[in-house]
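Contents: one structure, followed by commentary.
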Amino acid sequence: MTAVRVMLFLSSVLPLLAGISFAVSAVLSVTGMWDGVESPLVNSIVAAGFLGVGAGLVLLGVKAGRPRPWVMWTITVVYGVSALFNMVAILIAPGALGSMVFSVLILVLTLSSKDYFYSERRARRG
């Protein structure tokens, strides 16, 4: 399960960095120090979206430390949808193969772990 946690934390770095960069560009646009192409409102909305995704992945990484079935199914849905979008992205740009492999690897590691399936039984036994 440690491998899944590490990969979740690693995958949260990119959205967090993108969100921070959009937030900085929004602040610089508002103060007039930078004339960006987009309006500060658009940059703020995009920054909030990226920061939300990054924070969600960090939260999943933290929650993956205590195996629960809802965490497993949330990781499965998030990275299953990611793998589906990456299949379409491979048709457009073959460079998306790396992110597809990453998504499938997280899915395999999550679904192959028995910690999630037996956590309720351990909790009942005490």
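By convention in this document, the chains of the structure tokens carry letters A, B, ... by their order, each chain's residues are numbered from 1, and ligands are numbered from 1 in the order they are shown.
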Any idea what's packed within 12 Å of Gly49 in chain A, counting only C-alpha atoms, ignoring anything in its chain fewer than 3 positions away? Could you give it as a PDB file with all heavy atoms, in the first residue's frame?
```
ATOM      1  N   PRO A  15      -0.614  18.906 -10.507  1.00  0.00           N
ATOM      2  CA  PRO A  15      -1.732  19.854 -10.390  1.00  0.00           C
ATOM      3  C   PRO A  15      -1.487  20.962  -9.362  1.00  0.00           C
ATOM      4  O   PRO A  15      -1.935  22.094  -9.562  1.00  0.00           O
ATOM      5  CB  PRO A  15      -2.923  18.992  -9.962  1.00  0.00           C
ATOM      6  CG  PRO A  15      -2.527  17.600 -10.131  1.00  0.00           C
ATOM      7  CD  PRO A  15      -1.051  17.553 -10.242  1.00  0.00           C
ATOM      8  N   LEU A  16      -0.777  20.645  -8.285  1.00  0.00           N
ATOM      9  CA  LEU A  16      -0.494  21.686  -7.302  1.00  0.00           C
ATOM     10  C   LEU A  16       0.425  22.759  -7.879  1.00  0.00           C
ATOM     11  O   LEU A  16       0.205  23.956  -7.675  1.00  0.00           O
ATOM     12  CB  LEU A  16       0.118  21.077  -6.043  1.00  0.00           C
ATOM     13  CG  LEU A  16      -0.839  20.283  -5.153  1.00  0.00           C
ATOM     14  CD1 LEU A  16      -0.080  19.610  -4.027  1.00  0.00           C
ATOM     15  CD2 LEU A  16      -1.932  21.173  -4.605  1.00  0.00           C
ATOM     16  N   LEU A  17       1.441  22.347  -8.624  1.00  0.00           N
ATOM     17  CA  LEU A  17       2.339  23.333  -9.240  1.00  0.00           C
ATOM     18  C   LEU A  17       1.612  24.162 -10.291  1.00  0.00           C
ATOM     19  O   LEU A  17       1.820  25.378 -10.385  1.00  0.00           O
ATOM     20  CB  LEU A  17       3.549  22.631  -9.861  1.00  0.00           C
ATOM     21  CG  LEU A  17       4.589  22.087  -8.896  1.00  0.00           C
ATOM     22  CD1 LEU A  17       5.684  21.344  -9.645  1.00  0.00           C
ATOM     23  CD2 LEU A  17       5.180  23.209  -8.068  1.00  0.00           C
ATOM     24  N   ALA A  18       0.755  23.518 -11.087  1.00  0.00           N
ATOM     25  CA  ALA A  18      -0.011  24.265 -12.091  1.00  0.00           C
ATOM     26  C   ALA A  18      -0.959  25.246 -11.421  1.00  0.00           C
ATOM     27  O   ALA A  18      -1.116  26.386 -11.878  1.00  0.00           O
ATOM     28  CB  ALA A  18      -0.787  23.291 -12.980  1.00  0.00           C
ATOM     29  N   GLY A  19      -1.602  24.816 -10.338  1.00  0.00           N
ATOM     30  CA  GLY A  19      -2.506  25.706  -9.628  1.00  0.00           C
ATOM     31  C   GLY A  19      -1.791  26.907  -9.030  1.00  0.00           C
ATOM     32  O   GLY A  19      -2.296  28.040  -9.085  1.00  0.00           O
ATOM     33  N   ILE A  20      -0.620  26.666  -8.463  1.00  0.00           N
ATOM     34  CA  ILE A  20       0.159  27.768  -7.898  1.00  0.00           C
ATOM     35  C   ILE A  20       0.589  28.743  -8.990  1.00  0.00           C
ATOM     36  O   ILE A  20       0.527  29.960  -8.816  1.00  0.00           O
ATOM     37  CB  ILE A  20       1.367  27.227  -7.106  1.00  0.00           C
ATOM     38  CG1 ILE A  20       0.889  26.541  -5.828  1.00  0.00           C
ATOM     39  CG2 ILE A  20       2.358  28.338  -6.783  1.00  0.00           C
ATOM     40  CD1 ILE A  20       1.959  25.765  -5.106  1.00  0.00           C
ATOM     41  N   PHE A  22      -0.919  29.346 -11.901  1.00  0.00           N
ATOM     42  CA  PHE A  22      -2.079  30.124 -12.343  1.00  0.00           C
ATOM     43  C   PHE A  22      -2.488  31.152 -11.293  1.00  0.00           C
ATOM     44  O   PHE A  22      -2.921  32.256 -11.631  1.00  0.00           O
ATOM     45  CB  PHE A  22      -3.261  29.203 -12.673  1.00  0.00           C
ATOM     46  CG  PHE A  22      -3.225  28.664 -14.073  1.00  0.00           C
ATOM     47  CD1 PHE A  22      -2.830  27.370 -14.313  1.00  0.00           C
ATOM     48  CD2 PHE A  22      -3.589  29.452 -15.146  1.00  0.00           C
ATOM     49  CE1 PHE A  22      -2.786  26.863 -15.589  1.00  0.00           C
ATOM     50  CE2 PHE A  22      -3.553  28.965 -16.438  1.00  0.00           C
ATOM     51  CZ  PHE A  22      -3.153  27.662 -16.664  1.00  0.00           C
ATOM     52  N   ALA A  23      -2.372  30.797 -10.014  1.00  0.00           N
ATOM     53  CA  ALA A  23      -2.712  31.754  -8.953  1.00  0.00           C
ATOM     54  C   ALA A  23      -1.744  32.937  -8.968  1.00  0.00           C
ATOM     55  O   ALA A  23      -2.167  34.090  -8.813  1.00  0.00           O
ATOM     56  CB  ALA A  23      -2.684  31.057  -7.595  1.00  0.00           C
ATOM     57  N   VAL A  42     -10.399  34.243 -15.086  1.00  0.00           N
ATOM     58  CA  VAL A  42     -10.191  32.923 -15.693  1.00  0.00           C
ATOM     59  C   VAL A  42      -9.005  32.230 -15.040  1.00  0.00           C
ATOM     60  O   VAL A  42      -9.070  31.033 -14.719  1.00  0.00           O
ATOM     61  CB  VAL A  42      -9.980  33.056 -17.222  1.00  0.00           C
ATOM     62  CG1 VAL A  42      -9.576  31.740 -17.840  1.00  0.00           C
ATOM     63  CG2 VAL A  42     -11.227  33.598 -17.885  1.00  0.00           C
ATOM     64  N   ASN A  43      -7.926  32.965 -14.816  1.00  0.00           N
ATOM     65  CA  ASN A  43      -6.758  32.378 -14.156  1.00  0.00           C
ATOM     66  C   ASN A  43      -7.094  31.919 -12.746  1.00  0.00           C
ATOM     67  O   ASN A  43      -6.613  30.881 -12.285  1.00  0.00           O
ATOM     68  CB  ASN A  43      -5.602  33.366 -14.117  1.00  0.00           C
ATOM     69  CG  ASN A  43      -4.899  33.480 -15.454  1.00  0.00           C
ATOM     70  OD1 ASN A  43      -5.017  32.600 -16.298  1.00  0.00           O
ATOM     71  ND2 ASN A  43      -4.188  34.564 -15.654  1.00  0.00           N
ATOM     72  N   SER A  44      -7.917  32.671 -12.038  1.00  0.00           N
ATOM     73  CA  SER A  44      -8.303  32.290 -10.675  1.00  0.00           C
ATOM     74  C   SER A  44      -9.155  31.023 -10.679  1.00  0.00           C
ATOM     75  O   SER A  44      -8.973  30.148  -9.825  1.00  0.00           O
ATOM     76  CB  SER A  44      -9.078  33.418 -10.012  1.00  0.00           C
ATOM     77  OG  SER A  44      -8.303  34.572  -9.940  1.00  0.00           O
ATOM     78  N   ILE A  45     -10.068  30.909 -11.629  1.00  0.00           N
ATOM     79  CA  ILE A  45     -10.918  29.716 -11.711  1.00  0.00           C
ATOM     80  C   ILE A  45     -10.095  28.487 -12.060  1.00  0.00           C
ATOM     81  O   ILE A  45     -10.253  27.421 -11.459  1.00  0.00           O
ATOM     82  CB  ILE A  45     -12.059  29.946 -12.724  1.00  0.00           C
ATOM     83  CG1 ILE A  45     -13.023  31.002 -12.186  1.00  0.00           C
ATOM     84  CG2 ILE A  45     -12.798  28.646 -13.026  1.00  0.00           C
ATOM     85  CD1 ILE A  45     -14.052  31.470 -13.188  1.00  0.00           C
ATOM     86  N   VAL A  46      -9.191  28.631 -13.010  1.00  0.00           N
ATOM     87  CA  VAL A  46      -8.327  27.507 -13.388  1.00  0.00           C
ATOM     88  C   VAL A  46      -7.415  27.126 -12.221  1.00  0.00           C
ATOM     89  O   VAL A  46      -7.203  25.937 -11.947  1.00  0.00           O
ATOM     90  CB  VAL A  46      -7.507  27.857 -14.656  1.00  0.00           C
ATOM     91  CG1 VAL A  46      -6.462  26.797 -14.954  1.00  0.00           C
ATOM     92  CG2 VAL A  46      -8.434  28.028 -15.849  1.00  0.00           C
ATOM     93  N   GLY A  52      -7.700  22.261  -6.338  1.00  0.00           N
ATOM     94  CA  GLY A  52      -8.675  21.303  -5.813  1.00  0.00           C
ATOM     95  C   GLY A  52      -8.327  19.869  -6.165  1.00  0.00           C
ATOM     96  O   GLY A  52      -8.412  18.968  -5.317  1.00  0.00           O
ATOM     97  N   VAL A  53      -7.915  19.651  -7.407  1.00  0.00           N
ATOM     98  CA  VAL A  53      -7.510  18.307  -7.828  1.00  0.00           C
ATOM     99  C   VAL A  53      -6.264  17.861  -7.066  1.00  0.00           C
ATOM    100  O   VAL A  53      -6.181  16.730  -6.576  1.00  0.00           O
ATOM    101  CB  VAL A  53      -7.263  18.263  -9.356  1.00  0.00           C
ATOM    102  CG1 VAL A  53      -6.584  16.979  -9.780  1.00  0.00           C
ATOM    103  CG2 VAL A  53      -8.578  18.430 -10.099  1.00  0.00           C
ATOM    104  N   GLY A  54      -5.288  18.745  -6.947  1.00  0.00           N
ATOM    105  CA  GLY A  54      -4.067  18.405  -6.209  1.00  0.00           C
ATOM    106  C   GLY A  54      -4.345  18.104  -4.750  1.00  0.00           C
ATOM    107  O   GLY A  54      -3.816  17.139  -4.188  1.00  0.00           O
ATOM    108  N   ALA A  55      -5.197  18.911  -4.122  1.00  0.00           N
ATOM    109  CA  ALA A  55      -5.542  18.667  -2.713  1.00  0.00           C
ATOM    110  C   ALA A  55      -6.315  17.360  -2.563  1.00  0.00           C
ATOM    111  O   ALA A  55      -6.124  16.630  -1.586  1.00  0.00           O
ATOM    112  CB  ALA A  55      -6.361  19.833  -2.173  1.00  0.00           C
ATOM    113  N   GLY A  56      -7.179  17.044  -3.525  1.00  0.00           N
ATOM    114  CA  GLY A  56      -7.909  15.779  -3.476  1.00  0.00           C
ATOM    115  C   GLY A  56      -6.982  14.579  -3.572  1.00  0.00           C
ATOM    116  O   GLY A  56      -7.170  13.574  -2.871  1.00  0.00           O
TER     117      GLY A  56
END
```
Write out as a Markdown table a residue-level contact list of range 10-58 of chain A versus range 98-107 of chain A with cut-off 12 Å: for each qualifying residue the closest pair of atoms and the distance in Å to one decimal, counting only C-alpha atoms, rows sorted by chain and residue number upward.
```
| residue | atom | partner | partner_atom | distance |
| --- | --- | --- | --- | --- |
| A:Leu10 | CA | A:Phe102 | CA | 10.6 |
| A:Ser11 | CA | A:Phe102 | CA | 9.0 |
| A:Leu14 | CA | A:Ser99 | CA | 11.9 |
```
List as a VMD selection string the protein and nucleic acid residues near Leu109 in chain A, meaning an atom at most 12 Å away when only C-alpha atoms are counted, but skip any in the same chain fewer than 4 places from it. chain A and resid 1 to 8 64 72 75 to 76 79 102 to 105 113 to 116
Selection export as a PDB file, in the first residue's frame, atoms kept: N, CA and C atoms:
```
ATOM      1  N   MET A   1       0.812  -1.185   0.000  1.00  0.00           N
ATOM      2  CA  MET A   1       0.000   0.000   0.000  1.00  0.00           C
ATOM      3  C   MET A   1       0.859   1.254   0.000  1.00  0.00           C
ATOM      4  N   THR A   2       2.088   1.110   0.462  1.00  0.00           N
ATOM      5  CA  THR A   2       2.994   2.255   0.485  1.00  0.00           C
ATOM      6  C   THR A   2       3.280   2.746  -0.929  1.00  0.00           C
ATOM      7  N   ALA A   3       3.380   1.814  -1.878  1.00  0.00           N
ATOM      8  CA  ALA A   3       3.647   2.215  -3.265  1.00  0.00           C
ATOM      9  C   ALA A   3       2.508   3.056  -3.821  1.00  0.00           C
ATOM     10  N   VAL A   4       1.281   2.691  -3.499  1.00  0.00           N
ATOM     11  CA  VAL A   4       0.133   3.477  -3.970  1.00  0.00           C
ATOM     12  C   VAL A   4       0.152   4.870  -3.343  1.00  0.00           C
ATOM     13  N   ARG A   5       0.469   4.939  -2.059  1.00  0.00           N
ATOM     14  CA  ARG A   5       0.523   6.246  -1.392  1.00  0.00           C
ATOM     15  C   ARG A   5       1.587   7.133  -2.019  1.00  0.00           C
ATOM     16  N   VAL A   6       2.761   6.584  -2.264  1.00  0.00           N
ATOM     17  CA  VAL A   6       3.844   7.371  -2.861  1.00  0.00           C
ATOM     18  C   VAL A   6       3.440   7.852  -4.250  1.00  0.00           C
ATOM     19  N   MET A   7       2.807   6.981  -5.032  1.00  0.00           N
ATOM     20  CA  MET A   7       2.399   7.373  -6.381  1.00  0.00           C
ATOM     21  C   MET A   7       1.283   8.419  -6.345  1.00  0.00           C
ATOM     22  N   LEU A   8       0.395   8.334  -5.364  1.00  0.00           N
ATOM     23  CA  LEU A   8      -0.642   9.361  -5.230  1.00  0.00           C
ATOM     24  C   LEU A   8      -0.025  10.711  -4.880  1.00  0.00           C
ATOM     25  N   ALA A  64      -5.116   6.657   2.135  1.00  0.00           N
ATOM     26  CA  ALA A  64      -4.697   5.321   1.713  1.00  0.00           C
ATOM     27  C   ALA A  64      -3.842   4.636   2.770  1.00  0.00           C
ATOM     28  N   MET A  72     -10.397   2.651  -1.622  1.00  0.00           N
ATOM     29  CA  MET A  72     -10.042   1.829  -2.769  1.00  0.00           C
ATOM     30  C   MET A  72     -10.925   2.161  -3.963  1.00  0.00           C
ATOM     31  N   ILE A  75     -10.089   5.658  -5.445  1.00  0.00           N
ATOM     32  CA  ILE A  75      -8.866   5.600  -6.253  1.00  0.00           C
ATOM     33  C   ILE A  75      -9.144   4.878  -7.563  1.00  0.00           C
ATOM     34  N   THR A  76      -9.921   3.805  -7.509  1.00  0.00           N
ATOM     35  CA  THR A  76     -10.237   3.040  -8.713  1.00  0.00           C
ATOM     36  C   THR A  76     -11.023   3.880  -9.715  1.00  0.00           C
ATOM     37  N   TYR A  79      -8.671   6.932 -11.104  1.00  0.00           N
ATOM     38  CA  TYR A  79      -7.640   6.527 -12.051  1.00  0.00           C
ATOM     39  C   TYR A  79      -8.198   5.682 -13.193  1.00  0.00           C
ATOM     40  N   PHE A 102       1.091   5.084 -15.968  1.00  0.00           N
ATOM     41  CA  PHE A 102       1.041   5.486 -14.561  1.00  0.00           C
ATOM     42  C   PHE A 102      -0.339   5.216 -13.967  1.00  0.00           C
ATOM     43  N   SER A 103      -1.394   5.574 -14.698  1.00  0.00           N
ATOM     44  CA  SER A 103      -2.761   5.355 -14.210  1.00  0.00           C
ATOM     45  C   SER A 103      -3.063   3.870 -14.059  1.00  0.00           C
ATOM     46  N   VAL A 104      -2.676   3.079 -15.046  1.00  0.00           N
ATOM     47  CA  VAL A 104      -2.941   1.641 -14.986  1.00  0.00           C
ATOM     48  C   VAL A 104      -2.133   0.996 -13.869  1.00  0.00           C
ATOM     49  N   LEU A 105      -0.910   1.468 -13.641  1.00  0.00           N
ATOM     50  CA  LEU A 105      -0.087   0.921 -12.560  1.00  0.00           C
ATOM     51  C   LEU A 105      -0.725   1.189 -11.197  1.00  0.00           C
ATOM     52  N   SER A 113      -4.194  -5.201  -3.873  1.00  0.00           N
ATOM     53  CA  SER A 113      -3.931  -5.189  -2.437  1.00  0.00           C
ATOM     54  C   SER A 113      -5.101  -5.813  -1.687  1.00  0.00           C
ATOM     55  N   LYS A 114      -4.791  -6.735  -0.790  1.00  0.00           N
ATOM     56  CA  LYS A 114      -5.836  -7.382  -0.001  1.00  0.00           C
ATOM     57  C   LYS A 114      -6.190  -6.581   1.241  1.00  0.00           C
ATOM     58  N   ASP A 115      -5.434  -5.533   1.550  1.00  0.00           N
ATOM     59  CA  ASP A 115      -5.701  -4.729   2.740  1.00  0.00           C
ATOM     60  C   ASP A 115      -7.093  -4.121   2.711  1.00  0.00           C
ATOM     61  N   TYR A 116      -7.540  -3.704   1.533  1.00  0.00           N
ATOM     62  CA  TYR A 116      -8.837  -3.055   1.437  1.00  0.00           C
ATOM     63  C   TYR A 116      -9.979  -4.033   1.668  1.00  0.00           C
TER      64      TYR A 116
END
```
When you count only C-alpha atoms, which of these residues is closest to Val58 in chain A: A:Val108, A:Val78, A:Val13, A:Val27?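 Looking only at the distances to Val58 in chain A, the closest residue turns out to be A:Val13.
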Give me, please, the distance in Å between CA of Ser21 in chain A and CA of Leu57 in chain A, quoted to one decimal.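 Computing the Euclidean distance for CA of Ser21 in chain A and CA of Leu57 in chain A yields 18.1 Å.
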